[in-house]
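Have a look at the structure below, then the notes.
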Amino acid sequence: MSLGLSLPPQLLNLQQQSLEAFAAVRERHQSLPASERQRTTLDEVWSALAHLRFQGFLVPERYGGTDAGLLASVLVMEELAAQGLHSFRPILLAMGSAAITQFGAEPLKQDVLPRIARGDLKLAIASTEAEAGFNVLNTRTFAQRRDDQFIINGSKIYVSGVDVADYMLLVTRTMTREECDQRGLPKTAGISLLLVETSADGVQRTRVPSRGEGALTQFALTLEDLRVPVSRLVGDEHSGAKPMFHMFNPERTLASAMALGMSRYCLDLARQHACTRKVFGRTPIGAYQSIQHPLADIAIRQQAVRLMTYRAAGLFDQGAPAGDLAESANAAKYLAAELAVRSVDAAIDTFGGKGFDEDHGIIHLWEAARLLKTAPISDALILNQTAERCLGLPRSY
């Protein structure tokens, strides 16, 4: 499989199908008042994805999926955002699909994966905690095993879309950090990953008034004596770090694809406006180098981000070693987040005051683009990991 811009015919066909499906949703989206667009079109986007069988791209055919792979998912995510319809919901589903497919026990896969592939099941990810932040290995939420179930107590924060999800993948400790240290176990030990029903008794959620994720709402969760069957483990008990890290790479890669699509959307709007808008005389503003050069810079950077994003997706599909995959996924995410911010900024400059008018469809992307520099992994953490793993520099503190 080529990792450049030349794609196999089946993927080019998928890209065209995506364009046609999302263009119809975008037309409906733009006919609505700006204040209603994101929430109203979310379910329409999900239906369009189901029509493309997107939800089954990372699910093997024997469980009802298409096994199309992450590169196919990237193409669809890019096209979705290129129509101004970015959403984190498909990314959350892809993360869960990757983890369950690779590490789930057979009964769990037979139960859950067919429903994912049909688009009947939505997922959330509950990993972040107020004190631990991005360092999920410092998770304090604890699951105590009693016979064939876990009893979980703790809290999570910034859990996106848990109000519309059927299940969440919960990162919890099943062995305390102190016990792991006493046994001389690695820092990744003692973590378990559980598939939890969002409507289960013992789950209380409080809305977090955050911005940047469009139609998805973030929540803080309180888990009190939450009971989850041991059969809902994804991966082995105490070894949940492996499936957890496995799902982070497709998350970063798909976030890169979304950022790339957002950039395409902004550049397309800015280019059209620059070719028609005249302020001084009869010359379109696109003839001015102060407008031309930032947009040309965006076009060049898009090529670099596309290559890195497609490369990361291709490595995932080929089953590349986790270290190689993480290096590419991190690089793609880092470059893509910067591209998204530059693109929104350049589009606003092109439109001038109109760039702040919600009906022009640009200003609402500013928060989403800026969020991508912080999540799903921050620029600083990517630089830390690159310095340590690629350059052999001392571990950053």
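Letters A, B, ... go to the chains of the structure tokens in the order shown; residues in each chain start at 1; ligands are counted from 1 in the same order.
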
Write out as a short mmCIF file (atom, residue, chain, number, x, y, z; two decimals) with N, CA and C atoms, in the first residue's frame each polymer residue whose atoms come within 6 Å of segment 65-81 of chain A, counting only C-alpha atoms; drop sequence neighbours fewer than 2 positions from it.
```
data_model
loop_
_atom_site.label_atom_id
_atom_site.label_comp_id
_atom_site.auth_asym_id
_atom_site.auth_seq_id
_atom_site.Cartn_x
_atom_site.Cartn_y
_atom_site.Cartn_z
N SER A 18 -17.78 9.37 0.44
CA SER A 18 -17.81 10.21 1.63
C SER A 18 -18.18 11.64 1.27
N GLY A 56 -17.81 0.07 11.17
CA GLY A 56 -17.22 -1.27 11.12
C GLY A 56 -15.86 -1.32 10.46
N PHE A 57 -15.24 -0.18 10.18
CA PHE A 57 -13.96 -0.17 9.48
C PHE A 57 -12.85 -0.88 10.27
N LEU A 58 -12.90 -0.78 11.60
CA LEU A 58 -11.86 -1.42 12.42
C LEU A 58 -12.36 -2.71 13.05
N VAL A 59 -13.49 -3.20 12.57
CA VAL A 59 -14.07 -4.45 13.07
C VAL A 59 -13.88 -5.54 12.02
N PRO A 60 -13.35 -6.72 12.40
CA PRO A 60 -13.15 -7.81 11.44
C PRO A 60 -14.48 -8.26 10.81
N GLU A 61 -14.39 -8.80 9.62
CA GLU A 61 -15.59 -9.23 8.89
C GLU A 61 -16.36 -10.30 9.64
N TYR A 63 -17.12 -10.45 12.57
CA TYR A 63 -18.00 -9.84 13.56
C TYR A 63 -18.94 -8.82 12.93
N GLN A 83 -16.04 19.13 5.04
CA GLN A 83 -17.38 19.65 4.77
C GLN A 83 -17.87 20.53 5.92
N GLY A 84 -17.00 20.82 6.88
CA GLY A 84 -17.38 21.65 8.01
C GLY A 84 -18.18 20.93 9.06
N LEU A 85 -18.04 19.58 9.12
CA LEU A 85 -18.86 18.75 10.00
C LEU A 85 -18.01 17.93 10.96
N HIS A 86 -16.96 18.51 11.51
CA HIS A 86 -16.06 17.75 12.38
C HIS A 86 -16.80 17.23 13.62
N ALA A 117 -20.38 -2.43 14.63
CA ALA A 117 -20.31 -2.43 13.16
C ALA A 117 -21.61 -1.95 12.53
N LEU A 254 -6.63 9.84 13.87
CA LEU A 254 -7.92 10.35 13.40
C LEU A 254 -8.11 11.82 13.76
N ALA A 257 -6.44 13.61 11.05
CA ALA A 257 -7.28 13.65 9.85
C ALA A 257 -8.37 14.71 9.99
N MET A 258 -8.95 14.81 11.18
CA MET A 258 -9.98 15.82 11.41
C MET A 258 -9.40 17.22 11.27
N GLY A 261 -8.89 17.98 7.62
CA GLY A 261 -10.16 18.32 6.98
C GLY A 261 -10.63 19.72 7.35
N MET A 262 -10.47 20.10 8.62
CA MET A 262 -10.82 21.45 9.04
C MET A 262 -10.01 22.48 8.27
N ALA A 313 -1.55 5.98 9.67
CA ALA A 313 -2.67 5.05 9.49
C ALA A 313 -2.21 3.78 8.79
N GLY A 314 -1.35 3.92 7.80
CA GLY A 314 -0.84 2.74 7.10
C GLY A 314 -0.03 1.84 8.01
N ASP A 317 -2.41 -0.18 10.15
CA ASP A 317 -3.04 -1.26 9.38
C ASP A 317 -2.07 -2.40 9.11
#
```

| task | Could you tell me, as a VMD selection string, which residues of segment 69-237 of chain A DSSP assigns to helix (DSSP H, G or I) when given the backbone? | result | chain A and resid 70 to 82 89 to 103 106 to 118 136 to 138 177 to 182 230 to 232

| Near Pro243 of chain A, within 9 Å and counting only C-alpha atoms, which residues show up once chain neighbours fewer than 2 positions away are dropped, as a PyMOL selection string? | chain A and resi 98-100+102-104+193+234-235+239-241+245-248

Please write the residues from the selection above to a file, keeping N, CA, C and O atoms, as an mmCIF file, in the first residue's frame.
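Saved as part.cif:
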```
data_model
loop_
_atom_site.group_PDB
_atom_site.id
_atom_site.type_symbol
_atom_site.label_atom_id
_atom_site.label_comp_id
_atom_site.auth_asym_id
_atom_site.auth_seq_id
_atom_site.Cartn_x
_atom_site.Cartn_y
_atom_site.Cartn_z
ATOM 1 N N ALA A 98 -10.779 -0.514 18.191
ATOM 2 C CA ALA A 98 -9.403 -1.007 18.102
ATOM 3 C C ALA A 98 -9.023 -1.807 19.335
ATOM 4 O O ALA A 98 -8.418 -2.889 19.236
ATOM 5 N N ALA A 99 -9.372 -1.296 20.513
ATOM 6 C CA ALA A 99 -9.000 -1.981 21.754
ATOM 7 C C ALA A 99 -9.726 -3.313 21.910
ATOM 8 O O ALA A 99 -9.120 -4.341 22.255
ATOM 9 N N ILE A 100 -11.028 -3.318 21.658
ATOM 10 C CA ILE A 100 -11.814 -4.545 21.856
ATOM 11 C C ILE A 100 -11.440 -5.592 20.814
ATOM 12 O O ILE A 100 -11.329 -6.790 21.128
ATOM 13 N N GLN A 102 -8.583 -6.039 19.314
ATOM 14 C CA GLN A 102 -7.246 -6.574 19.543
ATOM 15 C C GLN A 102 -7.121 -7.318 20.865
ATOM 16 O O GLN A 102 -6.411 -8.323 20.955
ATOM 17 N N PHE A 103 -7.824 -6.870 21.897
ATOM 18 C CA PHE A 103 -7.563 -7.394 23.243
ATOM 19 C C PHE A 103 -8.789 -7.984 23.949
ATOM 20 O O PHE A 103 -8.650 -8.576 25.024
ATOM 21 N N GLY A 104 -9.975 -7.831 23.387
ATOM 22 C CA GLY A 104 -11.158 -8.349 24.050
ATOM 23 C C GLY A 104 -11.230 -9.862 24.018
ATOM 24 O O GLY A 104 -10.773 -10.503 23.068
ATOM 25 N N LEU A 193 -8.630 -2.117 32.041
ATOM 26 C CA LEU A 193 -9.556 -1.412 31.163
ATOM 27 C C LEU A 193 -10.871 -2.176 31.151
ATOM 28 O O LEU A 193 -10.893 -3.379 30.857
ATOM 29 N N VAL A 234 -11.239 -5.578 29.152
ATOM 30 C CA VAL A 234 -10.629 -5.523 27.817
ATOM 31 C C VAL A 234 -9.132 -5.702 28.034
ATOM 32 O O VAL A 234 -8.448 -4.815 28.531
ATOM 33 N N GLY A 235 -8.636 -6.879 27.691
ATOM 34 C CA GLY A 235 -7.271 -7.233 28.058
ATOM 35 C C GLY A 235 -7.262 -7.938 29.399
ATOM 36 O O GLY A 235 -8.307 -8.168 30.014
ATOM 37 N N SER A 239 -3.260 -5.560 33.408
ATOM 38 C CA SER A 239 -2.461 -5.306 32.196
ATOM 39 C C SER A 239 -3.226 -4.459 31.186
ATOM 40 O O SER A 239 -3.049 -4.588 29.977
ATOM 41 N N GLY A 240 -4.071 -3.586 31.698
ATOM 42 C CA GLY A 240 -4.899 -2.770 30.814
ATOM 43 C C GLY A 240 -4.161 -1.647 30.115
ATOM 44 O O GLY A 240 -4.712 -1.020 29.200
ATOM 45 N N ALA A 241 -2.917 -1.392 30.543
ATOM 46 C CA ALA A 241 -2.160 -0.320 29.886
ATOM 47 C C ALA A 241 -1.925 -0.638 28.408
ATOM 48 O O ALA A 241 -1.910 0.263 27.565
ATOM 49 N N PHE A 245 -3.016 1.993 25.580
ATOM 50 C CA PHE A 245 -2.086 2.679 24.691
ATOM 51 C C PHE A 245 -2.348 2.323 23.227
ATOM 52 O O PHE A 245 -2.122 3.137 22.330
ATOM 53 N N HIS A 246 -2.843 1.107 23.001
ATOM 54 C CA HIS A 246 -3.151 0.695 21.631
ATOM 55 C C HIS A 246 -4.229 1.574 21.029
ATOM 56 O O HIS A 246 -4.178 1.904 19.833
ATOM 57 N N MET A 247 -5.210 1.993 21.829
ATOM 58 C CA MET A 247 -6.294 2.812 21.269
ATOM 59 C C MET A 247 -5.910 4.275 21.161
ATOM 60 O O MET A 247 -6.567 5.045 20.456
ATOM 61 N N PHE A 248 -4.840 4.696 21.825
ATOM 62 C CA PHE A 248 -4.432 6.095 21.735
ATOM 63 C C PHE A 248 -3.853 6.432 20.363
ATOM 64 O O PHE A 248 -3.964 7.563 19.900
#
```

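The coordinates place atom CA of Leu221 of chain A at 8.6 Å from atom CA of Ala126 of chain A.
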
| message | Restricting the calculation to only C-alpha atoms: of A:Leu7, A:Leu49, A:Ala346, A:Leu383, which residue gets closest to Tyr310 of chain A? | response | A:Leu7

Write out as a PDB file with C-alpha atoms, in the first residue's frame each polymer residue whose atoms come within 9 Å of segment 372-374 of chain A, counting only C-alpha atoms; drop sequence neighbours fewer than 5 positions from it.
```
ATOM      1  CA  GLY A 212     -14.220  23.130  21.689  1.00  0.00           C
ATOM      2  CA  ALA A 255      -7.578  13.661  15.242  1.00  0.00           C
ATOM      3  CA  SER A 256      -4.905  14.545  12.678  1.00  0.00           C
ATOM      4  CA  ALA A 259      -7.547  18.745  11.709  1.00  0.00           C
ATOM      5  CA  LYS A 333      -0.998  15.041  15.454  1.00  0.00           C
ATOM      6  CA  TYR A 334       1.563  17.737  16.322  1.00  0.00           C
ATOM      7  CA  ALA A 336      -1.984  18.784  12.168  1.00  0.00           C
ATOM      8  CA  ALA A 337      -2.974  20.746  15.271  1.00  0.00           C
ATOM      9  CA  GLU A 338      -0.693  23.603  14.285  1.00  0.00           C
ATOM     10  CA  ALA A 340      -5.678  23.715  12.016  1.00  0.00           C
ATOM     11  CA  VAL A 341      -4.931  26.814  14.086  1.00  0.00           C
ATOM     12  CA  GLU A 367     -12.046  26.713  19.690  1.00  0.00           C
ATOM     13  CA  ASP A 379       1.998  19.526  22.071  1.00  0.00           C
ATOM     14  CA  ALA A 380       4.278  19.567  25.123  1.00  0.00           C
TER      15      ALA A 380
END
```

| query | Excluding same-chain residues fewer than 5 positions from segment 200-203 of chain A, what lies within 7 Å of it counting only C-alpha atoms, as JSON, numbers by chain? | reply | {"A": [221, 222, 223, 224, 225, 226]}

| request: Could you check which of A:Gln303, A:Gln30, A:Thr386, A:Asn249 is closest to Pro321 of chain A, using only C-alpha atoms? | output: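 Checking each of A:Gln303, A:Gln30, A:Thr386, A:Asn249 against Pro321 of chain A, counting only C-alpha atoms, the winner is A:Asn249.
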
| said: Considering only C-alpha atoms, can you say which of A:Leu195, A:Leu108, A:Met308, A:Ala368 comes closest to Ala215 of chain A? | reply: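 Of the candidates, the smallest distance to Ala215 of chain A is held by A:Ala368.
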
| A:Arg395, A:Arg207, A:Arg277, A:Arg301 ranked by distance to Ser263 of chain A, top pick (using only C-alpha atoms) |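 With only C-alpha atoms as the atom set, the closest residue is A:Arg301.
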
| Quick one: DSSP strand (DSSP E) residues in segment 199-301 of chain A, as number ranges by chain? | A: 203-208, 218-229

| What separation in Å, quoted to one decimal, exists between atom CA of Phe88 of chain A and atom CA of Pro9 of chain A? |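 Taking atom CA of Phe88 of chain A as the start and atom CA of Pro9 of chain A as the end point, the length is 27.4 Å.
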
| Which of these, A:Val228, A:Leu371, A:Met244, A:Pro8, has the shortest distance to Ser210 of chain A once you count only C-alpha atoms? |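 Ranked by minimum distance to Ser210 of chain A, first place goes to A:Leu371.
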
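Between atom CA of Glu388 of chain A and atom CA of Gly323 of chain A lies a distance of 11.9 Å.
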